[in-house]
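Peer 1: Take a look at the following structure, please.
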Number of protein chains: 2
Amino acid sequence: MKVGNRHYRSIWFDEAARRVRVIDQRWLPHEFRVVDLRNRDDFVTAIAEMWVRGAPLIGATAAYAVAVQMLLDPSDLSLEESWEILLQTRPTAINLRWALDDMRSHLAPLPPDDRPAAAFRRAAEICDADVETNRLIGTHGLRLIRDVAARKKPGEPVNILTHCNAGWLATVDWGTATSPIYQAAAAGIDIHVWVDETRPRNQGAHLTAWEMNSAGIPHSLVVDNAGGHLMQHGLVDLVIVGSDRTTADGDVCNKIGTYLKALAARDNGVPFYVGLPSPTIDWTIGDGLKGIPIEERDPEEVTRVFGVNASGDWDSVRITPEGVRARNFAFDVTPARFVTGLITERGICKASEAGLLGLFPERAAA
Amino acid sequence: MKVGNRHYRSIWFDEAARRVRVIDQRWLPHEFRVVDLRNRDDFVTAIAEMWVRGAPLIGATAAYAVAVQMLLDPSDLSLEESWEILLQTRPTAINLRWALDDMRSHLAPLPPDDRPAAAFRRAAEICDADVETNRLIGTHGLRLIRDVAARKKPGEPVNILTHCNAGWLATVDWGTATSPIYQAAAAGIDIHVWVDETRPRNQGAHLTAWEMNSAGIPHSLVVDNAGGHLMQHGLVDLVIVGSDRTTADGDVCNKIGTYLKALAARDNGVPFYVGLPSPTIDWTIGDGLKGIPIEERDPEEVTRVFGVNASGDWDSVRITPEGVRARNFAFDVTPARFVTGLITERGICKASEAGLLGLFPERAAA
């Protein structure tokens, strides 16, 4: 997507500098900062400390991490260690494992000397594939928005609620949940996006609001508590969120709080859709509540809120009395029964084993 | 409740100084600041800008506002204007109207010269009655906690989730939702409280966590998004919240986000209780979604978060890019069908017309 007049991806290989570059998202919306990731430690830090985040982007970043490591040491041990070390950076997003498995299976059969070039080629392919996948998710999701728009009176926007940031910053480009939104805006459909702020890290306020603002798409920021009220009063036509891991039975793990929005959508007859690329599907797990590890992060993410202070600097405040203990569960699982449909690169399906296998029949044999 | 070694109410008449005093809650948990409210304008500001908040405390404050105004001008016009002006300060909490009606009906028949003394007597009675009411709510609610505790293994606490602050700071003393918690702790029951931070104004993080911390009651702060996940994993035994207005049919209006917790409680078989004094019941409304006005407040409460900065001062940060629009709905309505029971000063009843009339039969005649 464009930042100012220049097109950016969230991660790219700068050919001239021979460096992998990412947008360091910790500084948004205050500052658009690009950083080089020069070695495996840089990548581990960038993923674990959420300079980059979002399941698809975590996968793409892990792929480039392996590539950079292959430049420094293309040995079998180095490849195996990279797989192990990078897999530990974030436990919930399955795209991380998917990308690491993909890189390992491509590189392991090659002689070490051939690995660096092959690794960079493969990482670039993964990134390009993610862009195309998300573009297709948008094309399929756009149909849903068009259907709602067709029922609206002139001047009435289609109201879409989204949680967290499943935007282009969470992927290589386009986003998952936001891809239909960007395509609807480009198609001239009158839309308005309710942006959940998404505590504790405020990816909605910091990233999605910034994306919508940059793209000139009408939107309103709301606290995470507001979605139920909005739906009760007919102010939401459609919920679209992303996913960090979706099970073979269609259970959706996503940012903490997603489940609460799904409950409200069900209670108010609002369609609840999830945009996800197929690498986000974990075909080895059926029951998401039992099977998906939920990351518990530093409680300080709850007790400390970042923003711009009176001097215009990026700063933080502590919202609790000293000595107050917090817990910080990063994701929750929305059972498939609350999901109206999954929007994948191959089309939209029911959140069920049958639905997913209908789009991915090659998995039925496995 | 005690602050340090001294017992405080949230509002009181200081006999020596001849002043009405309140805790200015905007500074908590950073600073325990007591202020005098000297005239009607002070009271209007204190209620509208939430120096004091919480339905019962809003009612008590309005009663003292009328009393102070009667000292300055005990005329009929002054009494009538006070009713009008104070009623505009907050639209949702019905206790405000209840207290103003009560004061007017007591004072209007009196000669103006008798009104100041009568008004202070009546305001004090309202405050004392609120304390006793909340103590009784705690006594009834304690039974619920005891029942859960009886099913626990030794060393397993009763986990109670609460939203916003329905603590002693929201009432004159004891709190509504917290009264059973304080009484359970005093009875030696092993409890642990999940404190929702309650965006946008963080009354959970700022006030409830401070209350629990001050009282030495084990608790953990969580973001508002976390409750569903906690309930899915069996980490909540009981939800207890307060109410700003409860309809004759048992619909519960409370801080925005309460409805989402009620949905999660229902989906996971967790009992969902509401503690409320009877002045919080609006007997004139059946359907809360249609009948209760939901206050929409300044969007800056969403975009600006308060806390302690690196220098140890109370400060705020802006969490959004400039130009981002926010909406700030302050309350939502939880339909009666999601409420396990209402805990009132007369006992616990079903959230229904029949349930409420069982406890308040005198209302059936009306």
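In the structure tokens, the first chain shown is A, the next is B, and so on; residue numbers restart at 1 for each chain, and ligands run from 1 in the order shown.
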Starting from chain A, keep only residues with some atom at most 8 Å from an atom of chain B, counting only C-alpha atoms, and report them as an MDAnalysis selection string.

Peer 2: chainID A and resid 29:30 198:200 202 205:206 209:210 213 219:229 232 256:261 263:264 289 302 305:310 315:321 323:329 332:333

Peer 1: Save out the residues we just selected, C-alpha atoms, as a short mmCIF file (atom, residue, chain, number, x, y, z; two decimals), in the first residue's frame.

Peer 2:
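That gives us again36.cif:
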```cif
data_model
loop_
_atom_site.label_atom_id
_atom_site.label_comp_id
_atom_site.auth_asym_id
_atom_site.auth_seq_id
_atom_site.Cartn_x
_atom_site.Cartn_y
_atom_site.Cartn_z
CA PRO A 29 1.35 5.79 14.05
CA HIS A 30 3.88 8.27 15.42
CA THR A 198 -7.49 -3.71 20.45
CA ARG A 199 -5.97 -3.57 23.86
CA PRO A 200 -3.45 -4.26 25.16
CA ASN A 202 -3.69 -1.09 20.49
CA ALA A 205 -5.66 2.45 17.21
CA HIS A 206 -2.00 2.42 16.20
CA ALA A 209 -6.62 3.54 12.14
CA TRP A 210 -3.33 4.68 10.59
CA ASN A 213 -6.44 7.28 7.62
CA HIS A 219 -13.55 5.05 9.84
CA SER A 220 -14.19 5.56 13.54
CA LEU A 221 -12.07 4.29 16.37
CA VAL A 222 -13.98 2.63 19.20
CA VAL A 223 -12.93 0.88 22.38
CA ASP A 224 -13.06 -2.91 22.32
CA ASN A 225 -16.06 -2.75 24.63
CA ALA A 226 -18.24 -0.96 22.08
CA GLY A 227 -18.86 -3.59 19.41
CA GLY A 228 -21.82 -5.24 21.13
CA HIS A 229 -23.63 -1.94 21.53
CA GLN A 232 -27.44 -4.11 18.98
CA ILE A 256 -7.82 -11.62 22.26
CA GLY A 257 -11.36 -10.22 22.20
CA THR A 258 -12.30 -11.58 18.78
CA TYR A 259 -14.50 -14.23 20.41
CA LEU A 260 -16.52 -11.56 22.22
CA LYS A 261 -17.27 -9.85 18.91
CA LEU A 263 -20.73 -13.72 20.26
CA ALA A 264 -22.25 -10.28 19.75
CA LEU A 289 -9.77 -24.47 22.34
CA VAL A 302 -1.41 -4.28 29.89
CA VAL A 305 0.03 2.33 27.29
CA PHE A 306 2.00 3.93 24.46
CA GLY A 307 1.15 7.12 22.62
CA VAL A 308 2.26 10.65 21.92
CA ASN A 309 2.88 12.88 24.93
CA ALA A 310 2.32 16.63 25.27
CA ASP A 315 6.03 7.85 25.27
CA SER A 316 4.11 5.64 27.68
CA VAL A 317 2.08 5.95 30.86
CA ARG A 318 1.44 3.35 33.57
CA ILE A 319 -2.30 3.01 34.10
CA THR A 320 -2.26 0.97 37.32
CA PRO A 321 -1.22 1.54 40.89
CA GLY A 323 2.00 -3.50 42.79
CA VAL A 324 -1.05 -4.40 40.73
CA ARG A 325 -0.60 -7.69 38.93
CA ALA A 326 -1.86 -8.08 35.38
CA ARG A 327 -2.28 -11.05 33.07
CA ASN A 328 -1.83 -10.76 29.34
CA PHE A 329 -3.37 -13.47 27.18
CA ASP A 332 -8.56 -16.29 22.01
CA VAL A 333 -10.39 -18.96 20.04
#
```

Peer 1: Fewer than 5 positions away in the same chain doesn't count, so skip those; otherwise give me all residues within 12 Å of Glu15 (chain A), counting only C-alpha atoms, as a list in words.

Peer 2: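 Here the qualifying residues turn out to be Val20, Arg21, Phe120 and Ala124 of chain A.
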
Peer 1: Would you mind writing down, as a count of residues only, each residue of region 201-358 of chain B that DSSP on the backbone assigns to alpha helix (DSSP H)?

Peer 2: 38

Peer 1: Could you pull the residues within 6 Å of region 269-278 of chain B, counting only C-alpha atoms, minus those fewer than 2 positions along the same chain, as an mmCIF file with N, CA and C atoms, in the first residue's frame?

Peer 2:
```cif
data_model
loop_
_atom_site.group_PDB
_atom_site.id
_atom_site.type_symbol
_atom_site.label_atom_id
_atom_site.label_comp_id
_atom_site.auth_asym_id
_atom_site.auth_seq_id
_atom_site.Cartn_x
_atom_site.Cartn_y
_atom_site.Cartn_z
ATOM 1 N N THR B 176 -21.517 -1.884 45.018
ATOM 2 C CA THR B 176 -22.604 -2.824 44.722
ATOM 3 C C THR B 176 -21.986 -4.172 44.351
ATOM 4 N N ALA B 177 -21.320 -4.233 43.211
ATOM 5 C CA ALA B 177 -20.680 -5.495 42.808
ATOM 6 C C ALA B 177 -19.595 -5.920 43.791
ATOM 7 N N LEU B 238 -17.831 -16.745 38.551
ATOM 8 C CA LEU B 238 -18.957 -15.860 38.799
ATOM 9 C C LEU B 238 -18.608 -14.493 38.217
ATOM 10 N N VAL B 239 -19.563 -13.899 37.505
ATOM 11 C CA VAL B 239 -19.402 -12.496 37.108
ATOM 12 C C VAL B 239 -20.338 -11.675 37.986
ATOM 13 N N ILE B 240 -19.830 -10.598 38.557
ATOM 14 C CA ILE B 240 -20.692 -9.656 39.279
ATOM 15 C C ILE B 240 -20.355 -8.253 38.782
ATOM 16 N N VAL B 241 -21.366 -7.563 38.284
ATOM 17 C CA VAL B 241 -21.179 -6.184 37.828
ATOM 18 C C VAL B 241 -22.212 -5.300 38.516
ATOM 19 N N GLY B 242 -22.099 -4.009 38.287
ATOM 20 C CA GLY B 242 -23.090 -3.070 38.786
ATOM 21 C C GLY B 242 -24.080 -2.708 37.691
ATOM 22 N N ALA B 265 -20.459 -15.174 29.351
ATOM 23 C CA ALA B 265 -20.896 -15.948 30.517
ATOM 24 C C ALA B 265 -21.948 -16.975 30.086
ATOM 25 N N ARG B 266 -22.914 -16.528 29.293
ATOM 26 C CA ARG B 266 -23.955 -17.443 28.828
ATOM 27 C C ARG B 266 -23.354 -18.597 28.017
ATOM 28 N N ASP B 267 -22.435 -18.260 27.115
ATOM 29 C CA ASP B 267 -21.875 -19.290 26.232
ATOM 30 C C ASP B 267 -21.051 -20.320 27.008
ATOM 31 N N THR B 280 -31.763 2.236 41.474
ATOM 32 C CA THR B 280 -31.213 2.054 40.125
ATOM 33 C C THR B 280 -32.258 1.455 39.181
ATOM 34 N N ILE B 281 -33.367 1.008 39.747
ATOM 35 C CA ILE B 281 -34.420 0.418 38.916
ATOM 36 C C ILE B 281 -35.295 1.523 38.330
ATOM 37 N N VAL B 339 -28.995 -12.414 32.139
ATOM 38 C CA VAL B 339 -28.679 -12.112 33.534
ATOM 39 C C VAL B 339 -29.189 -13.247 34.425
ATOM 40 N N THR B 340 -28.297 -13.868 35.159
ATOM 41 C CA THR B 340 -28.678 -14.976 36.042
ATOM 42 C C THR B 340 -29.529 -14.471 37.190
ATOM 43 N N GLY B 341 -29.147 -13.325 37.733
ATOM 44 C CA GLY B 341 -29.917 -12.794 38.849
ATOM 45 C C GLY B 341 -29.525 -11.371 39.189
ATOM 46 N N LEU B 342 -30.473 -10.668 39.804
ATOM 47 C CA LEU B 342 -30.235 -9.310 40.289
ATOM 48 C C LEU B 342 -30.081 -9.377 41.806
ATOM 49 N N ILE B 343 -28.994 -8.794 42.310
ATOM 50 C CA ILE B 343 -28.761 -8.779 43.755
ATOM 51 C C ILE B 343 -29.161 -7.396 44.266
ATOM 52 N N THR B 344 -30.268 -7.323 44.972
ATOM 53 C CA THR B 344 -30.731 -6.040 45.512
ATOM 54 C C THR B 344 -30.635 -6.082 47.035
#
```

Peer 1: Which residues are close to Ala184 (chain B), i.e. within 8 Å by only C-alpha atoms, leaving aside same-chain residues fewer than 4 positions away? Reply as a compact mmCIF listing (two decimals) with C-alpha atoms, in the first residue's frame.

Peer 2:
```txt
# COMPACT_ATOMS: atom_id res chain seq x y z
CA LEU B 142 -21.96 -13.38 49.84
CA ILE B 145 -19.74 -16.78 46.73
CA ARG B 146 -20.05 -19.16 49.68
CA PRO B 180 -20.11 -9.30 48.27
CA GLY B 188 -11.99 -15.55 55.11
CA ILE B 189 -13.14 -17.03 51.81
CA ASP B 190 -10.31 -17.55 49.34
CA ILE B 191 -11.17 -15.25 46.42
```

Peer 1: Within 10 Å of His192 (chain A), counting only C-alpha atoms, which residues qualify if same-chain residues fewer than 6 places away don't, as a ChimeraX atom specification?

Peer 2: /A:156-161,181,185,212,217-220,236

Peer 1: Among region 119-255 of chain B, which ones does DSSP assign to strand (DSSP E) (computed from the backbone)? Answer as a ChimeraX atom specification.

Peer 2: /B:158-162,191-196,219-222,238-241,245-247,252-255

Peer 1: What separation in Å, quoted to one decimal, exists between CA of Leu235 (chain A) and CA of Trp174 (chain A)?

Peer 2: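 These two atoms are separated by 25.3 Å.
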
Peer 1: Quick one: residues within 12 Å of region 345-357 of chain A, only C-alpha atoms counted, chain neighbours fewer than 2 positions away excluded, as a CSV table (one decimal) with C-alpha atoms, in the first residue's frame?

Peer 2:
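Writing the result to selection27.csv gives the following:
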```csv
chain,number,residue,atom,x,y,z
A,129,ALA,CA,2.5,-15.5,-3.0
A,130,ASP,CA,1.2,-13.8,0.2
A,131,VAL,CA,0.5,-10.6,-1.8
A,132,GLU,CA,-1.4,-12.5,-4.4
A,133,THR,CA,-3.2,-14.6,-1.8
A,134,ASN,CA,-4.4,-11.5,0.0
A,135,ARG,CA,-5.4,-9.8,-3.2
A,136,LEU,CA,-7.6,-12.8,-3.9
A,137,ILE,CA,-9.1,-12.8,-0.4
A,138,GLY,CA,-10.1,-9.2,-1.1
A,139,THR,CA,-11.7,-10.1,-4.4
A,140,HIS,CA,-13.8,-12.8,-2.7
A,141,GLY,CA,-14.6,-10.6,0.3
A,142,LEU,CA,-15.6,-7.7,-2.0
A,143,ARG,CA,-18.6,-9.8,-3.1
A,144,LEU,CA,-19.9,-9.8,0.5
A,176,THR,CA,-6.5,-10.2,5.0
A,179,SER,CA,-8.2,-6.5,1.5
A,180,PRO,CA,-11.9,-6.6,0.8
A,246,THR,CA,-7.6,-21.7,12.0
A,247,THR,CA,-8.1,-25.4,12.7
A,248,ALA,CA,-9.2,-28.1,10.3
A,249,ASP,CA,-12.7,-27.9,11.9
A,250,GLY,CA,-12.9,-24.1,11.3
A,251,ASP,CA,-12.2,-22.8,14.8
A,252,VAL,CA,-10.5,-19.4,14.6
A,272,PHE,CA,-19.0,-12.7,11.1
A,273,TYR,CA,-16.3,-13.4,8.5
A,274,VAL,CA,-12.6,-14.3,8.8
A,275,GLY,CA,-10.1,-13.5,6.1
A,276,LEU,CA,-7.2,-15.9,6.1
A,277,PRO,CA,-4.5,-17.2,3.7
A,278,SER,CA,-4.3,-21.0,3.6
A,279,PRO,CA,-0.9,-21.1,5.4
A,280,THR,CA,-2.9,-20.0,8.4
A,281,ILE,CA,-4.8,-23.2,8.5
A,282,ASP,CA,-3.5,-25.8,10.9
A,283,TRP,CA,-4.7,-29.1,9.4
A,284,THR,CA,-3.4,-31.1,12.3
A,285,ILE,CA,-5.8,-29.6,14.9
A,286,GLY,CA,-9.6,-29.9,15.1
A,287,ASP,CA,-10.6,-28.4,18.4
A,334,THR,CA,-13.7,-18.4,18.3
A,335,PRO,CA,-15.5,-21.7,17.9
A,336,ALA,CA,-16.5,-22.4,14.3
A,337,ARG,CA,-20.2,-22.3,15.2
A,338,PHE,CA,-19.9,-18.5,15.5
A,339,VAL,CA,-18.2,-18.0,12.2
A,340,THR,CA,-20.4,-17.2,9.2
A,341,GLY,CA,-17.6,-18.0,6.7
A,342,LEU,CA,-13.9,-18.2,6.0
A,343,ILE,CA,-12.6,-16.0,3.2
A,359,LEU,CA,-11.9,-25.5,-1.1
A,360,PHE,CA,-8.8,-27.6,-0.4
A,361,PRO,CA,-9.7,-31.1,-1.6
A,362,GLU,CA,-6.0,-32.1,-1.7
A,363,ARG,CA,-6.1,-32.1,2.1
A,364,ALA,CA,-8.7,-34.8,2.2
A,365,ALA,CA,-6.3,-37.4,0.9
A,366,ALA,CA,-3.7,-36.5,3.6
```

Peer 1: Tell me, as a ChimeraX atom specification, which residues lie within 6 Å of region 169-173 of chain A, counting only C-alpha atoms; anything in the same chain fewer than 3 positions away does not count.

Peer 2: /A:9-10,53-54,56-57,131,166

Peer 1: Taking C-alpha atoms for each residue, export the selection above as a compact mmCIF listing (two decimals), in the first residue's frame.

Peer 2:
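Written out: out.txt:
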```txt
# COMPACT_ATOMS: atom_id res chain seq x y z
CA ARG A 9 5.38 -3.69 1.39
CA SER A 10 5.77 -4.48 5.09
CA ARG A 53 3.46 -8.91 13.74
CA GLY A 54 0.46 -10.47 12.05
CA PRO A 56 1.29 -13.79 7.41
CA LEU A 57 4.04 -11.23 8.02
CA VAL A 131 0.50 -10.60 -1.77
CA ALA A 166 -5.33 -7.72 9.86
```

Peer 1: Grab the CA of Ile11 (chain B) to CA of Ile23 (chain B) distance for me, in Å with one decimal place.

Peer 2: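 CA of Ile11 (chain B) sits 6.9 Å away from CA of Ile23 (chain B).
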
Peer 1: Can you tell me how far CA of Asp101 (chain B) sits from CA of Ser243 (chain B), in Å to one decimal?

Peer 2: 19.6 Å

Peer 1: Have a look at B:Ala16, B:Val3, B:Val68, B:Val22 and name the one nearest to Arg40 (chain B); count only C-alpha atoms.

Peer 2: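 Answer, going by the shortest atom-to-atom distance: B:Val68.
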